[in-house]
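Shown next: target_23.cif, given as mmCIF, C-alpha atoms.
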data_start
#
loop_
_atom_site.group_PDB
_atom_site.id
_atom_site.type_symbol
_atom_site.label_atom_id
_atom_site.label_comp_id
_atom_site.auth_asym_id
_atom_site.auth_seq_id
_atom_site.Cartn_x
_atom_site.Cartn_y
_atom_site.Cartn_z
ATOM 1 C CA MET A 1 81.013 171.248 75.192
ATOM 2 C CA ALA A 2 79.975 168.162 77.072
ATOM 3 C CA ASN A 3 76.488 166.848 76.557
ATOM 4 C CA GLU A 4 74.605 163.665 77.328
ATOM 5 C CA GLY A 5 75.381 162.333 73.892
ATOM 6 C CA SER A 6 79.122 162.464 74.364
ATOM 7 C CA TYR A 7 78.942 160.204 77.424
ATOM 8 C CA VAL A 8 76.708 157.697 75.679
ATOM 9 C CA ALA A 9 78.980 157.772 72.632
ATOM 10 C CA ILE A 10 81.960 156.834 74.822
ATOM 11 C CA GLY A 11 80.010 154.019 76.461
ATOM 12 C CA LEU A 12 79.132 152.669 73.014
ATOM 13 C CA LYS A 13 82.720 153.020 71.819
ATOM 14 C CA VAL A 14 84.004 150.936 74.734
ATOM 15 C CA TRP A 15 81.288 148.322 74.123
ATOM 16 C CA THR A 16 82.210 148.102 70.448
ATOM 17 C CA ALA A 17 85.908 147.762 71.227
ATOM 18 C CA GLN A 18 85.236 144.789 73.512
ATOM 19 C CA ILE A 19 82.914 143.168 70.964
ATOM 20 C CA GLU A 20 85.653 143.476 68.355
ATOM 21 C CA ARG A 21 88.160 141.865 70.707
ATOM 22 C CA ALA A 22 85.735 139.008 71.289
ATOM 23 C CA ASP A 23 85.052 138.643 67.549
ATOM 24 C CA LYS A 24 88.770 138.285 66.924
ATOM 25 C CA LEU A 25 89.401 135.961 69.827
ATOM 26 C CA PHE A 26 86.498 133.539 69.323
ATOM 27 C CA GLY A 27 86.007 133.991 65.586
ATOM 28 C CA ARG A 28 89.328 132.479 64.580
ATOM 29 C CA LEU A 29 88.980 129.287 66.635
ATOM 30 C CA SER A 30 88.617 125.898 64.977
ATOM 31 C CA SER A 31 85.970 123.431 66.139
ATOM 32 C CA GLU A 32 88.707 121.619 67.989
ATOM 33 C CA GLU A 33 90.030 124.751 69.649
ATOM 34 C CA VAL A 34 86.645 125.847 71.034
ATOM 35 C CA GLN A 35 86.636 122.626 73.047
ATOM 36 C CA ARG A 36 89.737 123.758 74.970
ATOM 37 C CA GLU A 37 89.406 124.579 78.638
ATOM 38 C CA ILE A 38 90.646 128.000 79.783
ATOM 39 C CA ALA A 39 92.516 126.131 82.556
ATOM 40 C CA PRO A 40 92.517 122.465 83.620
ATOM 41 C CA GLY A 41 89.010 121.511 84.739
ATOM 42 C CA ARG A 42 87.585 124.981 83.960
ATOM 43 C CA ASN A 43 85.066 126.184 81.392
ATOM 44 C CA ARG A 44 85.638 125.474 77.740
ATOM 45 C CA LEU A 45 85.962 128.351 75.278
ATOM 46 C CA LEU A 46 82.702 127.287 73.610
ATOM 47 C CA TYR A 47 80.911 127.567 76.941
ATOM 48 C CA LEU A 48 82.197 131.112 77.497
ATOM 49 C CA TRP A 49 81.243 132.106 73.971
ATOM 50 C CA GLY A 50 77.748 130.654 74.369
ATOM 51 C CA HIS A 51 77.424 132.263 77.790
ATOM 52 C CA LEU A 52 78.281 135.706 76.415
ATOM 53 C CA THR A 53 75.854 135.151 73.544
ATOM 54 C CA ALA A 54 73.031 134.277 75.943
ATOM 55 C CA ILE A 55 73.674 137.299 78.166
ATOM 56 C CA HIS A 56 73.797 139.611 75.148
ATOM 57 C CA ASP A 57 70.628 138.028 73.772
ATOM 58 C CA ALA A 58 68.883 138.873 77.032
ATOM 59 C CA MET A 59 69.848 142.535 76.529
ATOM 60 C CA LEU A 60 67.333 142.782 73.665
ATOM 61 C CA PRO A 61 64.213 142.730 75.892
ATOM 62 C CA LEU A 62 66.063 144.554 78.705
ATOM 63 C CA LEU A 63 66.692 147.494 76.371
ATOM 64 C CA GLY A 64 63.248 147.378 74.787
ATOM 65 C CA MET A 65 64.451 145.994 71.443
ATOM 66 C CA GLY A 66 62.084 143.052 71.283
ATOM 67 C CA GLU A 67 62.010 139.393 72.204
ATOM 68 C CA ARG A 68 65.068 137.214 72.746
ATOM 69 C CA LEU A 69 66.343 135.356 69.703
ATOM 70 C CA HIS A 70 67.933 132.421 71.569
ATOM 71 C CA PRO A 71 66.299 131.825 74.945
ATOM 72 C CA GLU A 72 67.251 128.146 74.559
ATOM 73 C CA PHE A 73 70.899 129.126 75.150
ATOM 74 C CA ASP A 74 70.232 129.656 78.856
ATOM 75 C CA VAL A 75 69.950 125.966 79.758
ATOM 76 C CA ALA A 76 73.252 125.222 78.056
ATOM 77 C CA PHE A 77 75.240 128.308 78.993
ATOM 78 C CA VAL A 78 73.734 130.206 81.923
ATOM 79 C CA SER A 79 71.666 128.183 84.356
ATOM 80 C CA ASN A 80 73.936 125.122 84.240
ATOM 81 C CA PRO A 81 77.705 124.700 84.459
ATOM 82 C CA ASP A 82 79.819 123.552 81.555
ATOM 83 C CA LYS A 83 79.909 119.797 80.824
ATOM 84 C CA SER A 84 76.677 119.146 82.733
ATOM 85 C CA GLN A 85 74.339 118.941 79.717
ATOM 86 C CA ALA A 86 74.100 116.007 77.316
ATOM 87 C CA ALA A 87 73.627 118.295 74.330
ATOM 88 C CA ILE A 88 74.480 121.940 73.835
ATOM 89 C CA PRO A 89 74.392 124.176 70.737
ATOM 90 C CA SER A 90 77.184 123.384 68.290
ATOM 91 C CA HIS A 91 80.176 125.546 67.467
ATOM 92 C CA GLU A 92 78.455 126.713 64.298
ATOM 93 C CA GLN A 93 75.204 127.500 66.117
ATOM 94 C CA VAL A 94 77.044 129.548 68.740
ATOM 95 C CA ARG A 95 79.010 131.427 66.088
ATOM 96 C CA GLN A 96 75.854 132.303 64.167
ATOM 97 C CA ALA A 97 73.890 133.278 67.260
ATOM 98 C CA TRP A 98 76.776 135.463 68.515
ATOM 99 C CA ASN A 99 76.915 137.328 65.215
ATOM 100 C CA VAL A 100 73.164 137.743 64.827
ATOM 101 C CA VAL A 101 72.565 138.855 68.426
ATOM 102 C CA ASN A 102 75.331 141.454 68.407
ATOM 103 C CA ALA A 103 74.254 142.770 65.006
ATOM 104 C CA GLU A 104 70.717 143.118 66.352
ATOM 105 C CA LEU A 105 71.986 145.028 69.386
ATOM 106 C CA SER A 106 74.082 147.254 67.168
ATOM 107 C CA LYS A 107 71.055 148.055 64.988
ATOM 108 C CA GLY A 108 69.029 148.802 68.095
ATOM 109 C CA PHE A 109 71.725 151.098 69.508
ATOM 110 C CA GLU A 110 71.697 153.117 66.302
ATOM 111 C CA LYS A 111 67.981 153.744 66.626
ATOM 112 C CA MET A 112 68.202 154.899 70.240
ATOM 113 C CA SER A 113 68.344 158.603 70.976
ATOM 114 C CA TRP A 114 70.681 159.810 73.716
ATOM 115 C CA SER A 115 67.784 160.295 76.077
ATOM 116 C CA ASP A 116 66.534 156.733 75.504
ATOM 117 C CA TRP A 117 69.579 155.548 77.437
ATOM 118 C CA ALA A 118 68.342 157.290 80.552
ATOM 119 C CA GLN A 119 65.047 155.354 80.448
ATOM 120 C CA ARG A 120 64.481 152.483 82.833
ATOM 121 C CA HIS A 121 65.409 149.012 81.657
ATOM 122 C CA SER A 122 62.659 146.433 81.527
ATOM 123 C CA ALA A 123 63.754 144.438 84.597
ATOM 124 C CA VAL A 124 63.069 147.333 86.955
ATOM 125 C CA SER A 125 59.539 148.442 87.821
ATOM 126 C CA GLU A 126 58.401 152.036 87.332
ATOM 127 C CA GLU A 127 58.102 152.321 91.079
ATOM 128 C CA ASP A 128 61.636 151.155 91.781
ATOM 129 C CA PHE A 129 62.991 153.264 88.950
ATOM 130 C CA ALA A 130 61.414 156.363 90.481
ATOM 131 C CA LYS A 131 63.460 155.664 93.604
ATOM 132 C CA ASP A 132 66.713 155.033 91.730
ATOM 133 C CA THR A 133 66.981 156.439 88.217
ATOM 134 C CA SER A 134 70.459 154.987 87.793
ATOM 135 C CA ARG A 135 68.809 151.645 87.002
ATOM 136 C CA ASN A 136 68.598 152.658 83.379
ATOM 137 C CA ARG A 137 69.675 151.360 79.986
ATOM 138 C CA PHE A 138 73.048 153.071 80.134
ATOM 139 C CA ALA A 139 73.814 151.142 83.326
ATOM 140 C CA ILE A 140 72.981 147.902 81.483
ATOM 141 C CA LEU A 141 75.389 148.866 78.706
ATOM 142 C CA LEU A 142 78.267 149.540 81.116
ATOM 143 C CA ASN A 143 77.601 146.448 83.204
ATOM 144 C CA ARG A 144 77.395 144.128 80.221
ATOM 145 C CA THR A 145 80.582 145.613 78.753
ATOM 146 C CA ASN A 146 82.365 144.762 81.998
ATOM 147 C CA HIS A 147 80.836 141.294 81.991
ATOM 148 C CA LEU A 148 82.282 140.797 78.520
ATOM 149 C CA SER A 149 85.726 142.035 79.622
ATOM 150 C CA TYR A 150 85.640 139.710 82.628
ATOM 151 C CA HIS A 151 85.173 136.628 80.461
ATOM 152 C CA LEU A 152 87.560 137.857 77.761
ATOM 153 C CA GLY A 153 90.264 137.906 80.428
ATOM 154 C CA GLN A 154 89.489 134.226 80.998
ATOM 155 C CA ALA A 155 89.080 133.236 77.360
ATOM 156 C CA VAL A 156 92.510 134.549 76.436
ATOM 157 C CA LEU A 157 94.012 131.935 78.786
ATOM 158 C CA GLY A 158 92.591 129.156 76.620
ATOM 159 C CA LEU A 159 94.358 130.333 73.480
ATOM 160 C CA ASN A 160 97.757 128.776 73.928
ATOM 161 C CA MET B 1 65.497 164.006 83.548
ATOM 162 C CA ALA B 2 68.801 162.852 82.099
ATOM 163 C CA ASN B 3 71.809 165.088 82.475
ATOM 164 C CA GLU B 4 75.545 164.741 82.132
ATOM 165 C CA GLY B 5 75.864 164.046 85.809
ATOM 166 C CA SER B 6 73.652 160.990 85.712
ATOM 167 C CA TYR B 7 75.900 159.293 83.143
ATOM 168 C CA VAL B 8 79.043 160.096 85.103
ATOM 169 C CA ALA B 9 77.383 158.851 88.287
ATOM 170 C CA ILE B 10 76.661 155.501 86.639
ATOM 171 C CA GLY B 11 80.238 155.238 85.380
ATOM 172 C CA LEU B 12 81.484 155.877 88.916
ATOM 173 C CA LYS B 13 79.037 153.367 90.369
ATOM 174 C CA VAL B 14 80.300 150.624 88.058
ATOM 175 C CA TRP B 15 83.921 151.529 88.875
ATOM 176 C CA THR B 16 83.200 151.354 92.607
ATOM 177 C CA ALA B 17 81.445 148.009 92.282
ATOM 178 C CA GLN B 18 84.483 146.493 90.547
ATOM 179 C CA ILE B 19 86.885 147.993 93.110
ATOM 180 C CA GLU B 20 84.800 146.422 95.868
ATOM 181 C CA ARG B 21 84.923 143.051 94.129
ATOM 182 C CA ALA B 22 88.697 143.363 93.862
ATOM 183 C CA ASP B 23 88.999 144.421 97.511
ATOM 184 C CA LYS B 24 87.120 141.315 98.569
ATOM 185 C CA LEU B 25 88.949 138.973 96.232
ATOM 186 C CA PHE B 26 92.518 140.127 96.899
ATOM 187 C CA GLY B 27 92.054 141.482 100.409
ATOM 188 C CA ARG B 28 91.297 138.149 102.015
ATOM 189 C CA LEU B 29 94.298 136.287 100.585
ATOM 190 C CA SER B 30 97.098 135.048 102.822
ATOM 191 C CA SER B 31 100.739 135.658 101.872
ATOM 192 C CA GLU B 32 100.838 132.069 100.708
ATOM 193 C CA GLU B 33 97.703 132.375 98.614
ATOM 194 C CA VAL B 34 98.877 135.479 96.710
ATOM 195 C CA GLN B 35 101.715 133.339 95.356
ATOM 196 C CA ARG B 36 99.213 131.068 93.595
ATOM 197 C CA GLU B 37 99.107 131.081 89.808
ATOM 198 C CA ILE B 38 95.721 131.705 88.176
ATOM 199 C CA ALA B 39 96.463 128.634 86.011
ATOM 200 C CA PRO B 40 99.559 126.434 85.655
ATOM 201 C CA GLY B 41 102.451 128.567 84.394
ATOM 202 C CA ARG B 42 100.344 131.753 84.346
ATOM 203 C CA ASN B 43 100.534 134.978 86.370
ATOM 204 C CA ARG B 44 100.421 134.814 90.130
ATOM 205 C CA LEU B 45 97.655 136.590 92.023
ATOM 206 C CA LEU B 46 100.222 138.985 93.521
ATOM 207 C CA TYR B 47 101.335 139.964 90.031
ATOM 208 C CA LEU B 48 97.770 140.753 88.947
ATOM 209 C CA TRP B 49 97.153 142.746 92.105
ATOM 210 C CA GLY B 50 100.380 144.712 91.645
ATOM 211 C CA HIS B 51 99.580 145.220 87.965
ATOM 212 C CA LEU B 52 96.147 146.656 88.731
ATOM 213 C CA THR B 53 97.699 148.886 91.413
ATOM 214 C CA ALA B 54 100.265 150.246 88.936
ATOM 215 C CA ILE B 55 97.646 150.954 86.265
ATOM 216 C CA HIS B 56 95.380 152.691 88.788
ATOM 217 C CA ASP B 57 98.350 154.676 90.114
ATOM 218 C CA ALA B 58 98.962 155.932 86.577
ATOM 219 C CA MET B 59 95.385 157.251 86.481
ATOM 220 C CA LEU B 60 96.346 159.980 88.973
ATOM 221 C CA PRO B 61 98.376 162.072 86.485
ATOM 222 C CA LEU B 62 96.115 161.021 83.582
ATOM 223 C CA LEU B 63 93.127 162.553 85.354
ATOM 224 C CA GLY B 64 95.012 165.610 86.581
ATOM 225 C CA MET B 65 95.128 164.497 90.209
ATOM 226 C CA GLY B 66 98.861 164.860 90.689
ATOM 227 C CA GLU B 67 101.976 162.737 90.489
ATOM 228 C CA ARG B 68 102.077 158.974 90.690
ATOM 229 C CA LEU B 69 102.563 157.490 94.135
ATOM 230 C CA HIS B 70 104.223 154.231 93.039
ATOM 231 C CA PRO B 71 105.999 154.575 89.682
ATOM 232 C CA GLU B 72 108.406 151.864 90.850
ATOM 233 C CA PHE B 73 105.584 149.320 90.468
ATOM 234 C CA ASP B 74 105.908 149.448 86.671
ATOM 235 C CA VAL B 75 109.167 147.482 86.466
ATOM 236 C CA ALA B 76 107.723 144.717 88.615
ATOM 237 C CA PHE B 77 104.158 144.598 87.314
ATOM 238 C CA VAL B 78 103.761 146.303 83.929
ATOM 239 C CA SER B 79 106.836 146.417 81.712
ATOM 240 C CA ASN B 80 108.018 142.921 82.644
ATOM 241 C CA PRO B 81 106.234 139.583 82.901
ATOM 242 C CA ASP B 82 105.689 137.783 86.175
ATOM 243 C CA LYS B 83 108.610 135.791 87.604
ATOM 244 C CA SER B 84 111.184 137.704 85.534
ATOM 245 C CA GLN B 85 112.376 140.086 88.283
ATOM 246 C CA ALA B 86 114.676 139.137 91.165
ATOM 247 C CA ALA B 87 112.775 141.345 93.604
ATOM 248 C CA ILE B 88 109.255 142.722 93.483
ATOM 249 C CA PRO B 89 107.179 144.610 96.075
ATOM 250 C CA SER B 90 105.991 142.370 98.890
ATOM 251 C CA HIS B 91 102.441 141.262 99.600
ATOM 252 C CA GLU B 92 102.161 143.916 102.305
ATOM 253 C CA GLN B 93 103.546 146.642 100.041
ATOM 254 C CA VAL B 94 101.092 145.772 97.273
ATOM 255 C CA ARG B 95 98.178 145.705 99.700
ATOM 256 C CA GLN B 96 99.069 149.109 101.099
ATOM 257 C CA ALA B 97 99.704 150.656 97.688
ATOM 258 C CA TRP B 98 96.412 149.263 96.348
ATOM 259 C CA ASN B 99 94.477 150.789 99.235
ATOM 260 C CA VAL B 100 96.243 154.156 99.155
ATOM 261 C CA VAL B 101 96.041 154.561 95.378
ATOM 262 C CA ASN B 102 92.337 153.730 95.166
ATOM 263 C CA ALA B 103 91.548 155.963 98.132
ATOM 264 C CA GLU B 104 93.411 158.794 96.395
ATOM 265 C CA LEU B 105 91.429 158.214 93.201
ATOM 266 C CA SER B 106 88.200 158.141 95.153
ATOM 267 C CA LYS B 107 89.051 161.469 96.812
ATOM 268 C CA GLY B 108 89.909 162.943 93.418
ATOM 269 C CA PHE B 109 86.630 161.728 91.896
ATOM 270 C CA GLU B 110 84.678 163.464 94.640
ATOM 271 C CA LYS B 111 86.323 166.774 93.810
ATOM 272 C CA MET B 112 85.614 166.534 90.085
ATOM 273 C CA SER B 113 82.587 168.310 88.671
ATOM 274 C CA TRP B 114 80.545 166.546 85.993
ATOM 275 C CA SER B 115 82.051 168.724 83.298
ATOM 276 C CA ASP B 116 85.603 167.887 84.420
ATOM 277 C CA TRP B 117 85.018 164.389 83.068
ATOM 278 C CA ALA B 118 84.627 165.750 79.564
ATOM 279 C CA GLN B 119 88.073 167.405 79.688
ATOM 280 C CA ARG B 120 90.968 165.826 77.857
ATOM 281 C CA HIS B 121 93.144 163.397 79.783
ATOM 282 C CA SER B 122 96.817 164.268 80.113
ATOM 283 C CA ALA B 123 98.123 161.687 77.619
ATOM 284 C CA VAL B 124 96.378 163.383 74.685
ATOM 285 C CA SER B 125 97.579 166.703 73.265
ATOM 286 C CA GLU B 126 95.263 169.694 72.939
ATOM 287 C CA GLU B 127 95.553 169.373 69.190
ATOM 288 C CA ASP B 128 94.565 165.702 69.100
ATOM 289 C CA PHE B 129 91.799 166.297 71.593
ATOM 290 C CA ALA B 130 90.327 168.993 69.338
ATOM 291 C CA LYS B 131 90.032 166.327 66.620
ATOM 292 C CA ASP B 132 88.521 163.696 68.918
ATOM 293 C CA THR B 133 86.859 164.928 72.107
ATOM 294 C CA SER B 134 86.013 161.378 73.147
ATOM 295 C CA ARG B 135 89.604 161.041 74.406
ATOM 296 C CA ASN B 136 88.539 162.460 77.718
ATOM 297 C CA ARG B 137 88.646 161.533 81.375
ATOM 298 C CA PHE B 138 85.335 159.695 81.266
ATOM 299 C CA ALA B 139 86.794 157.391 78.595
ATOM 300 C CA ILE B 140 89.725 156.658 80.927
ATOM 301 C CA LEU B 141 87.288 155.757 83.698
ATOM 302 C CA LEU B 142 85.333 153.324 81.514
ATOM 303 C CA ASN B 143 88.454 151.774 79.992
ATOM 304 C CA ARG B 144 90.164 151.244 83.332
ATOM 305 C CA THR B 145 86.995 149.737 84.786
ATOM 306 C CA ASN B 146 86.990 147.198 81.972
ATOM 307 C CA HIS B 147 90.691 146.551 82.479
ATOM 308 C CA LEU B 148 89.922 145.770 86.111
ATOM 309 C CA SER B 149 87.060 143.423 85.149
ATOM 310 C CA TYR B 150 89.308 141.643 82.643
ATOM 311 C CA HIS B 151 91.868 140.770 85.309
ATOM 312 C CA LEU B 152 89.224 139.995 87.946
ATOM 313 C CA GLY B 153 87.927 137.310 85.607
ATOM 314 C CA GLN B 154 91.421 135.827 85.674
ATOM 315 C CA ALA B 155 92.095 136.320 89.377
ATOM 316 C CA VAL B 156 88.979 134.410 90.371
ATOM 317 C CA LEU B 157 90.489 131.314 88.728
ATOM 318 C CA GLY B 158 93.338 131.374 91.237
ATOM 319 C CA LEU B 159 91.065 131.159 94.244
ATOM 320 C CA ASN B 160 90.433 127.445 94.421
#

Please rewrite the model in this file as structure tokens.
Amino acid sequence: MANEGSYVAIGLKVWTAQIERADKLFGRLSSEEVQREIAPGRNRLLYLWGHLTAIHDAMLPLLGMGERLHPEFDVAFVSNPDKSQAAIPSHEQVRQAWNVVNAELSKGFEKMSWSDWAQRHSAVSEEDFAKDTSRNRFAILLNRTNHLSYHLGQAVLGLN
Amino acid sequence: MANEGSYVAIGLKVWTAQIERADKLFGRLSSEEVQREIAPGRNRLLYLWGHLTAIHDAMLPLLGMGERLHPEFDVAFVSNPDKSQAAIPSHEQVRQAWNVVNAELSKGFEKMSWSDWAQRHSAVSEEDFAKDTSRNRFAILLNRTNHLSYHLGQAVLGLN
């Protein structure tokens, strides 16, 4: 009745549900609205959107799906706080990158077999993985889904 | 190499990590600090903490672990917005309920076998479950973990 596949399928379903929430939330914003802060003095919506895009982009190599598409997003949205950089990717660039990165992940997920999810992710060495096999691709999926939820909870505060 | 248990174990690990984050975040607040809003005019930290407690309490019957311990939390923290009720549970009552409810869940998780997680949860009928076996207890675990992350992202804004 239960098999590995059914657990992975649920993990993917929860991921997809959060991605759809994010698509709806960020996708409908005007270029003025993405400049709104989630609370006075806090991150802007565009920063959160770019941050999520960068973290999802980094999942591609982590899950063995190839090189990152937008490593340049890290300076703007990961390694530095909001409003610290003279120039960051535009609203349109973030929107496009978000869509392309998540579509690429989705394509990659479809190609993965259930057992692929139990393989180590690329940031853990074979030696360390032998000691702790929970450091696998499925763990990355669940952790990144929660990361997305965490920032969605914040982004919703910037809407009205 | 991979088996059902390893997926469930990862789901539980991610749940536990978020509970520990919440313990740290809410547990260290003074009775003055829990009255802080996460942003001007938004929910207070105490409301979020009570809300999470109520939703976790409702997991007990959903996962077949028995009756709810604090159904009275719903009026204060789920079915009504913050600041709409004349009296809500106190800081100390929320703290105690949070600890007791999560300890009860943790005990229940330990007793569950891997295959128990693939059983239907109590809010879905046998008939509906036959049509969609992903409406199981593991799905509840992942969804509630994301719900917790969502509100943790908000709560952290109330800290300073």

- Message: Taking the file as I've supplied it (selection: the PyMOL selection byres ((chain A and resi 71-79) around 10)), which residues are included? Please answer as a list in words.
- Response: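 So the PyMOL selection byres ((chain A and resi 71-79) around 10), applied here, picks out Leu46, Tyr47, Leu48, Trp49, Gly50, His51, Leu52, Thr53, Ala54, Ile55, Asp57, Ala58, Glu67, Arg68, Leu69, His70, Asn80, Pro81, Asp82, Lys83, Ser84, Gln85, Ala86, Ala87, Ile88, Pro89, Val94 and Ala97 of chain A.
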
Hey, which bits of chain B sit within 8 Å of chain A, and for each residue what's the closest pair of atoms and how far apart in Å (one decimal), counting all atoms listed in the file, rows by chain and increasing number, as a tab-separated table?
residue	atom	partner	partner_atom	distance
B:Met1	CA	A:Ala118	CA	7.9
B:Ala2	CA	A:Ala118	CA	5.8
B:Asn3	CA	A:Glu4	CA	6.0
B:Glu4	CA	A:Glu4	CA	5.0
B:Ser6	CA	A:Ser134	CA	7.1
B:Tyr7	CA	A:Tyr7	CA	6.5
B:Val8	CA	A:Tyr7	CA	7.7
B:Ala9	CA	A:Ser134	CA	7.9
B:Ile10	CA	A:Ala139	CA	6.2
B:Gly11	CA	A:Leu142	CA	7.4
B:Val14	CA	A:Asn143	CA	6.9
B:Ala39	CA	A:Ala39	CA	5.8
B:Pro40	CA	A:Ala39	CA	7.7
B:Ser115	CA	A:Ala2	CA	6.6
B:Ala118	CA	A:Ala2	CA	5.8
B:Ser134	CA	A:Ile10	CA	6.3
B:Phe138	CA	A:Tyr7	CA	7.5
B:Ala139	CA	A:Ile10	CA	6.2
B:Leu142	CA	A:Val14	CA	7.3
B:Asn143	CA	A:Val14	CA	6.9
B:Thr145	CA	A:Asn146	CA	7.3
B:Asn146	CA	A:Asn146	CA	5.2
B:His147	CA	A:Ser149	CA	7.3
B:Ser149	CA	A:Tyr150	CA	4.7
B:Tyr150	CA	A:Tyr150	CA	4.1
B:His151	CA	A:Gly153	CA	5.9
B:Leu152	CA	A:Tyr150	CA	6.4
B:Gly153	CA	A:Tyr150	CA	4.5
B:Gln154	CA	A:Gln154	CA	5.3

- Task: Kindly give the distance, in Å, that separates atom CA of Phe109 of chain A and atom CA of Leu63 of chain A, rounded to a single decimal.
- Result: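 Computing it gives 9.2 Å between the two atoms.
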
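For the pair atom CA of Gly66 of chain A and atom CA of Ala103 of chain A, the interatomic distance is 13.7 Å.
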
- In Å, with one decimal, what is the gap from atom CA of Asn99 of chain B to atom CA of Asp23 of chain B?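 Pair atom CA of Asn99 of chain B / atom CA of Asp23 of chain B returns 8.6 Å.
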
- Which one is closest to Lys107 of chain B: B:Glu92, B:Leu60, B:Asp128, B:His121? Count only C-alpha atoms.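 Closest to Lys107 of chain B of all the choices is B:Leu60.
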
- Task: May I have the protein, DNA and RNA residues with an atom at most 6 Å from (103.9, 138.8, 98.2), counting all atoms listed in the file in the file's coordinates, returned as a list in words?
- Result: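 Within 6 Å of (103.9, 138.8, 98.2), the protein and nucleic acid residues are Ser31, Leu46, Ser90 and His91 of chain B.
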